[in-house]
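Undergrad: Data: structure-v7.pdb, PDB, C-alpha atoms.
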ATOM      1  CA  MET N   4      93.637 -22.878 -49.465
ATOM      2  CA  GLN N   5      92.786 -25.878 -47.286
ATOM      3  CA  THR N   6      94.189 -29.208 -48.473
ATOM      4  CA  ASN N   7      92.510 -32.544 -47.853
ATOM      5  CA  PRO N   8      94.557 -34.548 -45.376
ATOM      6  CA  LYS N   9      95.783 -37.927 -46.632
ATOM      7  CA  GLU N  10      93.726 -40.901 -45.477
ATOM      8  CA  SER N  11      96.760 -42.833 -44.207
ATOM      9  CA  ASP N  12      97.830 -39.814 -42.108
ATOM     10  CA  LEU N  13      94.337 -39.484 -40.669
ATOM     11  CA  VAL N  14      94.230 -43.175 -39.779
ATOM     12  CA  GLN N  15      97.657 -42.981 -38.089
ATOM     13  CA  GLN N  16      96.596 -39.909 -36.109
ATOM     14  CA  ALA N  17      93.343 -41.620 -35.104
ATOM     15  CA  GLN N  18      95.284 -44.715 -34.026
ATOM     16  CA  ALA N  19      97.390 -42.419 -31.839
ATOM     17  CA  GLY N  20      94.167 -41.326 -30.142
ATOM     18  CA  GLN N  21      93.426 -38.079 -31.994
ATOM     19  CA  THR N  22      89.651 -37.874 -32.142
ATOM     20  CA  GLU N  23      89.725 -34.888 -34.542
ATOM     21  CA  ALA N  24      91.374 -37.062 -37.203
ATOM     22  CA  PHE N  25      88.778 -39.776 -36.709
ATOM     23  CA  SER N  26      86.037 -37.169 -36.993
ATOM     24  CA  VAL N  27      87.309 -36.306 -40.507
ATOM     25  CA  LEU N  28      87.158 -40.007 -41.420
ATOM     26  CA  VAL N  29      83.592 -40.241 -40.098
ATOM     27  CA  ASP N  30      82.598 -37.238 -42.229
ATOM     28  CA  ARG N  31      84.225 -38.853 -45.248
ATOM     29  CA  TYR N  32      82.586 -42.276 -44.974
ATOM     30  CA  ARG N  33      79.326 -41.752 -43.099
ATOM     31  CA  GLN N  34      77.158 -41.603 -46.234
ATOM     32  CA  LYS N  35      78.646 -44.788 -47.701
ATOM     33  CA  VAL N  36      78.273 -46.670 -44.428
ATOM     34  CA  PHE N  37      74.725 -45.364 -44.098
ATOM     35  CA  GLN N  38      73.891 -46.629 -47.606
ATOM     36  CA  THR N  39      75.134 -50.076 -46.615
ATOM     37  CA  CYS N  40      72.932 -50.002 -43.541
ATOM     38  CA  MET N  41      69.946 -48.934 -45.658
ATOM     39  CA  GLY N  42      70.528 -51.942 -47.895
ATOM     40  CA  PHE N  43      70.162 -54.244 -44.926
ATOM     41  CA  LEU N  44      67.618 -52.449 -42.732
ATOM     42  CA  HIS N  45      65.508 -50.369 -45.206
ATOM     43  CA  ASN N  46      64.740 -47.782 -42.514
ATOM     44  CA  THR N  47      66.513 -44.425 -42.153
ATOM     45  CA  ASP N  48      66.365 -44.171 -38.339
ATOM     46  CA  ASP N  49      67.644 -47.714 -37.825
ATOM     47  CA  ALA N  50      70.308 -47.193 -40.495
ATOM     48  CA  GLU N  51      71.512 -43.993 -38.787
ATOM     49  CA  ASP N  52      71.719 -45.693 -35.398
ATOM     50  CA  LEU N  53      73.632 -48.588 -36.906
ATOM     51  CA  THR N  54      75.998 -46.197 -38.722
ATOM     52  CA  GLN N  55      76.805 -44.626 -35.371
ATOM     53  CA  GLU N  56      77.449 -48.051 -33.814
ATOM     54  CA  ILE N  57      79.691 -49.039 -36.722
ATOM     55  CA  PHE N  58      81.917 -45.976 -36.340
ATOM     56  CA  VAL N  59      82.185 -46.456 -32.576
ATOM     57  CA  LYS N  60      83.135 -50.098 -33.179
ATOM     58  CA  ALA N  61      85.690 -48.990 -35.806
ATOM     59  CA  TRP N  62      87.219 -46.530 -33.315
ATOM     60  CA  ASN N  63      87.519 -49.241 -30.663
ATOM     61  CA  ALA N  64      89.057 -51.684 -33.141
ATOM     62  CA  LEU N  65      91.315 -49.126 -34.806
ATOM     63  CA  ASN N  66      94.481 -50.683 -33.439
ATOM     64  CA  SER N  67      93.658 -53.939 -35.226
ATOM     65  CA  PHE N  68      93.796 -52.111 -38.570
ATOM     66  CA  ASP N  69      97.208 -53.005 -39.964
ATOM     67  CA  GLY N  70      97.023 -51.077 -43.241
ATOM     68  CA  ARG N  71      97.216 -54.153 -45.486
ATOM     69  CA  ALA N  72      93.847 -53.245 -47.012
ATOM     70  CA  ALA N  73      92.480 -49.748 -47.575
ATOM     71  CA  PHE N  74      90.834 -48.157 -44.546
ATOM     72  CA  SER N  75      87.528 -48.025 -46.461
ATOM     73  CA  THR N  76      87.691 -51.776 -47.166
ATOM     74  CA  TRP N  77      88.300 -52.491 -43.485
ATOM     75  CA  LEU N  78      85.470 -50.136 -42.475
ATOM     76  CA  TYR N  79      82.979 -51.625 -44.960
ATOM     77  CA  ARG N  80      83.839 -55.107 -43.672
ATOM     78  CA  ILE N  81      82.866 -54.005 -40.163
ATOM     79  CA  ALA N  82      79.737 -52.356 -41.591
ATOM     80  CA  VAL N  83      78.425 -55.424 -43.436
ATOM     81  CA  ASN N  84      79.120 -57.728 -40.497
ATOM     82  CA  LYS N  85      77.388 -55.427 -38.010
ATOM     83  CA  ALA N  86      74.484 -54.962 -40.426
ATOM     84  CA  ILE N  87      74.065 -58.726 -40.831
ATOM     85  CA  ASN N  88      73.983 -59.135 -37.039
ATOM     86  CA  GLN N  89      71.416 -56.353 -36.746
ATOM     87  CA  THR N  90      69.254 -57.937 -39.463
ATOM     88  CA  ARG N  91      69.281 -61.208 -37.537
ATOM     89  CA  ARG N  92      68.258 -59.408 -34.350
ATOM     90  CA  ASN N  93      65.457 -57.622 -36.233
ATOM     91  CA  MET N  94      64.245 -60.917 -37.701
ATOM     92  CA  LEU N  95      64.118 -62.361 -34.210
ATOM     93  CA  ARG N  96      62.192 -59.311 -32.989
ATOM     94  CA  SER N  97      59.675 -59.472 -35.842
ATOM     95  CA  PHE N  98      59.309 -63.180 -35.146
ATOM     96  CA  THR N  99      58.493 -62.449 -31.515
ATOM     97  CA  GLY N 100      56.271 -59.507 -32.540
ATOM     98  CA  ILE N 101      58.353 -56.757 -30.871
ATOM     99  CA  ASN N 102      59.182 -54.871 -34.061
ATOM    100  CA  ASP N 103      55.801 -54.292 -35.679
ATOM    101  CA  GLU N 104      56.439 -50.774 -36.919
ATOM    102  CA  VAL N 105      55.127 -49.625 -40.307
ATOM    103  CA  THR N 106      57.773 -47.896 -42.389
ATOM    104  CA  GLU N 107      56.761 -44.718 -44.152
ATOM    105  CA  SER N 108      56.877 -44.755 -47.942
ATOM    106  CA  GLY N 109      58.629 -41.933 -49.782
ATOM    107  CA  TYR N 110      55.989 -41.776 -52.479
ATOM    108  CA  SER N 111      53.586 -38.838 -52.497
ATOM    109  CA  ASP N 112      50.920 -40.583 -54.534
ATOM    110  CA  ASP N 113      47.425 -39.613 -53.492
ATOM    111  CA  ASP N 114      45.771 -42.574 -55.072
ATOM    112  CA  ALA N 115      45.226 -44.981 -52.179
ATOM    113  CA  GLU N 116      45.078 -48.063 -54.369
ATOM    114  CA  SER N 117      48.292 -47.304 -56.181
ATOM    115  CA  LYS N 118      49.925 -46.361 -52.874
ATOM    116  CA  LEU N 119      48.918 -49.686 -51.437
ATOM    117  CA  MET N 120      50.219 -51.498 -54.499
ATOM    118  CA  ARG N 121      53.570 -49.697 -54.276
ATOM    119  CA  SER N 122      53.750 -50.481 -50.606
ATOM    120  CA  GLU N 123      53.120 -54.157 -51.320
ATOM    121  CA  GLN N 124      55.767 -54.154 -54.036
ATOM    122  CA  ARG N 125      58.263 -52.552 -51.668
ATOM    123  CA  GLU N 126      57.524 -55.149 -49.017
ATOM    124  CA  GLN N 127      57.943 -57.915 -51.597
ATOM    125  CA  ILE N 128      61.332 -56.515 -52.651
ATOM    126  CA  LYS N 129      62.461 -56.073 -49.050
ATOM    127  CA  GLY N 130      61.396 -59.627 -48.286
ATOM    128  CA  ALA N 131      63.260 -60.935 -51.337
ATOM    129  CA  VAL N 132      66.478 -59.051 -50.444
ATOM    130  CA  ASN N 133      66.224 -60.305 -46.868
ATOM    131  CA  ARG N 134      65.890 -63.878 -48.084
ATOM    132  CA  LEU N 135      69.226 -63.801 -49.870
ATOM    133  CA  LYS N 136      72.007 -65.851 -48.328
ATOM    134  CA  THR N 137      74.347 -63.845 -46.080
ATOM    135  CA  LYS N 138      77.231 -63.633 -48.569
ATOM    136  CA  GLN N 139      74.898 -62.925 -51.493
ATOM    137  CA  LYS N 140      73.244 -60.133 -49.536
ATOM    138  CA  LYS N 141      76.587 -58.607 -48.587
ATOM    139  CA  ALA N 142      77.743 -58.653 -52.207
ATOM    140  CA  PHE N 143      74.411 -57.295 -53.483
ATOM    141  CA  VAL N 144      74.367 -54.382 -51.022
ATOM    142  CA  LEU N 145      78.010 -53.457 -51.571
ATOM    143  CA  PHE N 146      77.607 -53.583 -55.343
ATOM    144  CA  TYR N 147      74.202 -51.947 -55.790
ATOM    145  CA  TYR N 148      73.725 -49.750 -52.724
ATOM    146  CA  GLN N 149      77.297 -48.588 -52.262
ATOM    147  CA  GLU N 150      78.107 -48.821 -55.963
ATOM    148  CA  LEU N 151      81.522 -50.327 -55.254
ATOM    149  CA  SER N 152      83.407 -51.899 -58.131
ATOM    150  CA  LEU N 153      83.733 -55.692 -58.394
ATOM    151  CA  MET N 154      87.341 -55.418 -57.204
ATOM    152  CA  GLU N 155      86.315 -53.380 -54.164
ATOM    153  CA  VAL N 156      83.483 -55.767 -53.253
ATOM    154  CA  ALA N 157      85.911 -58.657 -53.638
ATOM    155  CA  ALA N 158      88.380 -56.941 -51.284
ATOM    156  CA  VAL N 159      85.723 -56.343 -48.636
ATOM    157  CA  LEU N 160      84.482 -59.926 -48.809
ATOM    158  CA  GLU N 161      88.027 -61.305 -49.099
ATOM    159  CA  MET N 162      87.150 -63.243 -52.251
ATOM    160  CA  SER N 163      88.461 -63.318 -55.796
ATOM    161  CA  PRO N 164      86.790 -60.922 -58.276
ATOM    162  CA  LYS N 165      85.564 -63.911 -60.311
ATOM    163  CA  ALA N 166      83.912 -65.519 -57.274
ATOM    164  CA  THR N 167      82.390 -62.138 -56.349
ATOM    165  CA  GLU N 168      80.963 -61.694 -59.831
ATOM    166  CA  SER N 169      79.430 -65.138 -59.619
ATOM    167  CA  LEU N 170      78.016 -64.330 -56.185
ATOM    168  CA  ILE N 171      76.322 -61.179 -57.461
ATOM    169  CA  PHE N 172      74.944 -63.066 -60.463
ATOM    170  CA  ARG N 173      73.467 -65.740 -58.188
ATOM    171  CA  ALA N 174      71.998 -63.064 -55.935
ATOM    172  CA  ARG N 175      70.304 -61.448 -58.923
ATOM    173  CA  LYS N 176      68.981 -64.777 -60.175
ATOM    174  CA  LYS N 177      67.590 -65.582 -56.738
ATOM    175  CA  LEU N 178      65.930 -62.160 -56.556
ATOM    176  CA  GLN N 179      64.375 -62.659 -59.993
ATOM    177  CA  SER N 180      63.012 -65.989 -58.893
ATOM    178  CA  LEU N 181      61.681 -64.627 -55.588
ATOM    179  CA  LEU N 182      60.069 -61.585 -57.221
ATOM    180  CA  SER N 183      58.358 -63.568 -59.975
ATOM    181  CA  ARG N 184      56.357 -65.623 -57.430
TER     182      ARG N 184
ATOM    183  CA  MET V  22      65.184 -66.388 -81.330
ATOM    184  CA  MET V  23      66.287 -65.985 -77.674
ATOM    185  CA  LYS V  24      65.125 -68.582 -75.112
ATOM    186  CA  CYS V  25      63.575 -67.646 -71.742
ATOM    187  CA  LYS V  26      66.527 -69.167 -69.865
ATOM    188  CA  ASP V  27      69.011 -67.049 -71.830
ATOM    189  CA  PHE V  28      66.829 -63.975 -71.295
ATOM    190  CA  ASN V  29      66.808 -64.520 -67.523
ATOM    191  CA  ASN V  30      70.576 -65.054 -67.445
ATOM    192  CA  GLN V  31      71.165 -61.856 -69.398
ATOM    193  CA  LEU V  32      68.695 -59.998 -67.215
ATOM    194  CA  ALA V  33      70.649 -61.067 -64.102
ATOM    195  CA  MET V  34      73.764 -59.542 -65.620
ATOM    196  CA  LEU V  35      72.153 -56.182 -66.416
ATOM    197  CA  HIS V  36      73.132 -53.499 -63.948
ATOM    198  CA  ASN V  37      70.923 -50.850 -65.495
ATOM    199  CA  THR V  38      67.512 -51.485 -67.032
ATOM    200  CA  GLY V  39      67.939 -48.455 -69.269
ATOM    201  CA  GLU V  40      70.253 -50.348 -71.596
ATOM    202  CA  ILE V  41      68.424 -53.390 -72.977
ATOM    203  CA  PRO V  42      69.992 -55.316 -75.858
ATOM    204  CA  VAL V  43      67.803 -55.602 -78.970
ATOM    205  CA  ASP V  44      67.420 -59.405 -78.718
ATOM    206  CA  MET V  45      66.088 -59.082 -75.186
ATOM    207  CA  GLN V  46      63.639 -56.400 -76.280
ATOM    208  CA  GLU V  47      62.436 -58.639 -79.122
ATOM    209  CA  HIS V  48      61.996 -61.581 -76.762
ATOM    210  CA  MET V  49      59.930 -59.470 -74.350
ATOM    211  CA  ASN V  50      57.590 -58.481 -77.160
ATOM    212  CA  HIS V  51      56.560 -62.131 -77.475
ATOM    213  CA  CYS V  52      57.002 -63.459 -73.909
ATOM    214  CA  ASP V  53      54.733 -62.172 -71.127
ATOM    215  CA  SER V  54      56.514 -63.947 -68.269
ATOM    216  CA  CYS V  55      59.919 -62.550 -69.290
ATOM    217  CA  SER V  56      58.363 -59.118 -69.784
ATOM    218  CA  GLU V  57      57.010 -59.355 -66.236
ATOM    219  CA  ALA V  58      60.419 -60.481 -64.930
ATOM    220  CA  PHE V  59      61.939 -57.409 -66.567
ATOM    221  CA  GLU V  60      59.339 -55.127 -64.928
ATOM    222  CA  LYS V  61      60.098 -56.659 -61.520
ATOM    223  CA  THR V  62      63.802 -56.039 -62.080
ATOM    224  CA  GLN V  63      63.013 -52.442 -62.926
ATOM    225  CA  LEU V  64      61.066 -52.153 -59.666
ATOM    226  CA  LEU V  65      64.024 -53.632 -57.803
ATOM    227  CA  PHE V  66      66.390 -51.054 -59.316
ATOM    228  CA  ASP V  67      63.950 -48.225 -58.518
ATOM    229  CA  PHE V  68      63.694 -49.451 -54.945
ATOM    230  CA  VAL V  69      67.482 -49.587 -54.543
ATOM    231  CA  LYS V  70      67.856 -46.155 -56.177
ATOM    232  CA  GLU V  71      65.288 -44.644 -53.819
ATOM    233  CA  GLU V  72      66.982 -46.066 -50.728
ATOM    234  CA  ARG V  73      70.418 -45.047 -52.014
ATOM    235  CA  ARG V  74      69.190 -41.460 -52.408
ATOM    236  CA  GLN V  75      68.443 -41.145 -48.681
ATOM    237  CA  LYS V  76      70.915 -38.802 -46.993
ATOM    238  CA  ILE V  77      72.328 -39.378 -43.560
ATOM    239  CA  ASN V  78      71.830 -36.722 -40.907
ATOM    240  CA  PRO V  79      75.190 -34.858 -40.687
ATOM    241  CA  PHE V  80      74.678 -34.668 -36.913
ATOM    242  CA  VAL V  81      75.667 -38.353 -36.793
ATOM    243  CA  THR V  82      79.348 -37.314 -36.721
ATOM    244  CA  THR V  83      78.724 -35.305 -33.539
ATOM    245  CA  ARG V  84      76.853 -38.246 -32.018
ATOM    246  CA  VAL V  85      79.688 -40.635 -32.866
ATOM    247  CA  MET V  86      82.367 -38.304 -31.482
ATOM    248  CA  GLY V  87      80.320 -37.680 -28.342
ATOM    249  CA  GLN V  88      79.996 -41.401 -27.703
ATOM    250  CA  ILE V  89      83.702 -41.986 -28.333
ATOM    251  CA  GLU V  90      84.777 -39.185 -26.004
ATOM    252  CA  ARG V  91      82.431 -40.383 -23.256
ATOM    253  CA  VAL V  92      83.964 -43.846 -23.420
ATOM    254  CA  GLN V  93      87.502 -42.495 -23.745
ATOM    255  CA  LYS V  94      87.395 -40.322 -20.593
ATOM    256  CA  PRO V  95      85.633 -42.319 -17.864
ATOM    257  CA  ALA V  96      87.381 -40.128 -15.218
ATOM    258  CA  TRP V  97      85.040 -37.326 -16.155
ATOM    259  CA  ILE V  98      82.118 -39.367 -14.862
ATOM    260  CA  MET V  99      83.588 -38.773 -11.360
ATOM    261  CA  ARG V 100      83.750 -35.024 -11.868
ATOM    262  CA  PRO V 101      80.379 -34.026 -10.269
ATOM    263  CA  ALA V 102      81.091 -36.175  -7.202
ATOM    264  CA  LEU V 103      84.577 -34.693  -6.911
ATOM    265  CA  VAL V 104      83.195 -31.135  -7.109
ATOM    266  CA  ALA V 105      80.648 -31.881  -4.345
ATOM    267  CA  VAL V 106      83.256 -33.393  -2.015
ATOM    268  CA  MET V 107      85.702 -30.537  -2.612
ATOM    269  CA  SER V 108      82.951 -27.965  -1.893
ATOM    270  CA  VAL V 109      82.220 -29.568   1.487
ATOM    271  CA  VAL V 110      85.943 -29.666   2.348
ATOM    272  CA  VAL V 111      86.359 -25.975   1.453
ATOM    273  CA  LEU V 112      83.296 -25.033   3.563
ATOM    274  CA  VAL V 113      84.568 -26.938   6.611
ATOM    275  CA  LEU V 114      88.030 -25.397   6.224
ATOM    276  CA  GLY V 115      86.362 -21.993   5.980
ATOM    277  CA  PHE V 116      84.613 -22.476   9.320
ATOM    278  CA  PHE V 117      87.810 -23.622  11.035
ATOM    279  CA  SER V 118      89.959 -20.876   9.587
ATOM    280  CA  ALA V 119      87.501 -18.251  10.923
ATOM    281  CA  SER V 120      87.790 -19.711  14.445
ATOM    282  CA  LEU V 121      91.597 -19.373  14.255
ATOM    283  CA  PHE V 122      91.293 -15.545  14.211
ATOM    284  CA  THR V 123      88.531 -15.190  16.817
ATOM    285  CA  ALA V 124      89.616 -17.871  19.295
ATOM    286  CA  PHE V 125      92.316 -15.671  20.928
ATOM    287  CA  GLU V 126      89.932 -12.850  22.021
ATOM    288  CA  PHE V 127      87.303 -15.257  23.286
ATOM    289  CA  SER V 128      89.859 -17.274  25.239
ATOM    290  CA  GLN V 129      90.990 -14.195  27.235
ATOM    291  CA  LEU V 130      87.405 -13.344  28.135
ATOM    292  CA  ALA V 131      86.622 -16.941  28.939
ATOM    293  CA  ASP V 132      89.650 -17.178  31.276
ATOM    294  CA  SER V 133      88.661 -14.168  33.427
ATOM    295  CA  THR V 134      85.043 -15.303  33.675
ATOM    296  CA  GLU V 135      86.210 -18.740  34.673
ATOM    297  CA  ILE V 136      88.392 -17.352  37.526
ATOM    298  CA  ILE V 137      85.516 -15.286  38.961
ATOM    299  CA  ALA V 138      83.106 -18.226  38.706
ATOM    300  CA  THR V 139      85.572 -20.602  40.341
ATOM    301  CA  ASP V 140      86.233 -18.179  43.206
ATOM    302  CA  TYR V 141      82.554 -17.687  43.819
ATOM    303  CA  PHE V 142      81.175 -21.218  43.568
ATOM    304  CA  PHE V 143      84.012 -23.261  44.987
ATOM    305  CA  SER V 144      85.102 -21.060  47.919
ATOM    306  CA  GLU V 145      84.065 -22.178  51.379
ATOM    307  CA  ASN V 146      82.315 -18.917  52.162
ATOM    308  CA  PRO V 147      80.799 -17.805  48.852
ATOM    309  CA  GLY V 148      80.072 -14.102  48.626
ATOM    310  CA  SER V 149      82.355 -13.071  51.469
ATOM    311  CA  GLN V 150      84.906 -11.590  49.143
ATOM    312  CA  LEU V 151      82.265  -9.570  47.396
ATOM    313  CA  GLU V 152      80.822  -8.422  50.684
ATOM    314  CA  GLU V 153      84.234  -7.296  51.802
ATOM    315  CA  ILE V 154      84.705  -5.331  48.635
ATOM    316  CA  TRP V 155      81.350  -3.706  48.976
ATOM    317  CA  LEU V 156      81.851  -2.867  52.667
ATOM    318  CA  ASN V 157      85.268  -1.407  52.016
ATOM    319  CA  SER V 158      84.040   0.631  49.103
ATOM    320  CA  TYR V 159      81.161   2.038  51.261
ATOM    321  CA  SER V 160      83.612   3.096  54.000
ATOM    322  CA  TYR V 161      85.301   5.377  51.503
ATOM    323  CA  GLU V 162      82.074   7.162  50.661
TER     324      GLU V 162
END
Could you rewrite the structure in this file as structure tokens?
TA:
Amino acid sequence: MQTNPKESDLVQQAQAGQTEAFSVLVDRYRQKVFQTCMGFLHNTDDAEDLTQEIFVKAWNALNSFDGRAAFSTWLYRIAVNKAINQTRRNMLRSFTGINDEVTESGYSDDDAESKLMRSEQREQIKGAVNRLKTKQKKAFVLFYYQELSLMEVAAVLEMSPKATESLIFRARKKLQSLLSR
Amino acid sequence: MMKCKDFNNQLAMLHNTGEIPVDMQEHMNHCDSCSEAFEKTQLLFDFVKEERRQKINPFVTTRVMGQIERVQKPAWIMRPALVAVMSVVVLVLGFFSASLFTAFEFSQLADSTEIIATDYFFSENPGSQLEEIWLNSYSYE
């Protein structure tokens, strides 16, 4: 029977340069990192590319991981920061008109009018999420997209659980206000 | 009776629209704007759920590892150039090593030819030696 290697052992092996160990870590966390990227970019291709970049960055910065926090916490911190940077770049591109692509909706509704309405609603939600403040957006994505607990979100953002709870509440209030317009 | 402000605060604390407290439900029955706010929140949760359901391509691991290994071993970038240079060196060595075995035979032949040519072209009376040989050989016939 094959046993799952311990995360700390895998991290130590990866820090020693063993790519096989890092590959196991990538397999373990790729979906979670991808979900974070989806929360920021709302596009599967872009989210996949960013996931790849995040893991390469994590590999290059592996020696700076000192084990004080969990590896996942450290990885998610890299993920949200990279995702925020990418969002800013995308905003700049859309401002300059470079990124005018139309994202495909997952709905298979034949009714054109209802499809259009859903598409508009999706755009409104995306716009509202993108208008959240950086910290609010990070907390919102980690809590709702990654489904991390309050304690885990707090660890990633290096805040107290109480402050994190308040941050998520304010993010939700802001979204309510933006969506009701 | 619940106020709109309280409803909105409670709504912001709901993490799942499936579980609505009774007082919120009662308020929505009488308040259109709060009912609409609830619907928008439902849409937000549906949107997040749909995006969360997306699965990453498992090939991403291979892509990540490929990129890492490319960066980790830059020496391998030189490999094609090294192979080309080594091939040329081996070819040149091959040509020279062949001449090592054949040079001895050719040198003997070249030496004798050189002696005859020198005797013929640089002697004061070219052809006299040959004539003598021929004349002598005829006398024996």
Undergrad: Separation of CA of Thr39 in chain N and CA of Tyr79 in chain N, in Å?
TA: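 A separation of 8.2 Å between them.
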Undergrad: Show me which bits of chain V are within 7 Å of chain N, counting only C-alpha atoms, as a ChimeraX atom specification.
TA: /V:33-34,58,61-62,65,69,72-73,76-77,81-82,85-86,89
Undergrad: Just give me the gap between CA of Leu65 in chain N and CA of Gln18 in chain N in Å, one decimal is fine.
TA: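 About the pair CA of Leu65 in chain N and CA of Gln18 in chain N: they are 6.0 Å apart.
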Undergrad: How many Å lie between CA of Asp53 in chain V and CA of Asn29 in chain V, rounded to one decimal?
TA: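 CA of Asp53 in chain V sits 12.8 Å away from CA of Asn29 in chain V.
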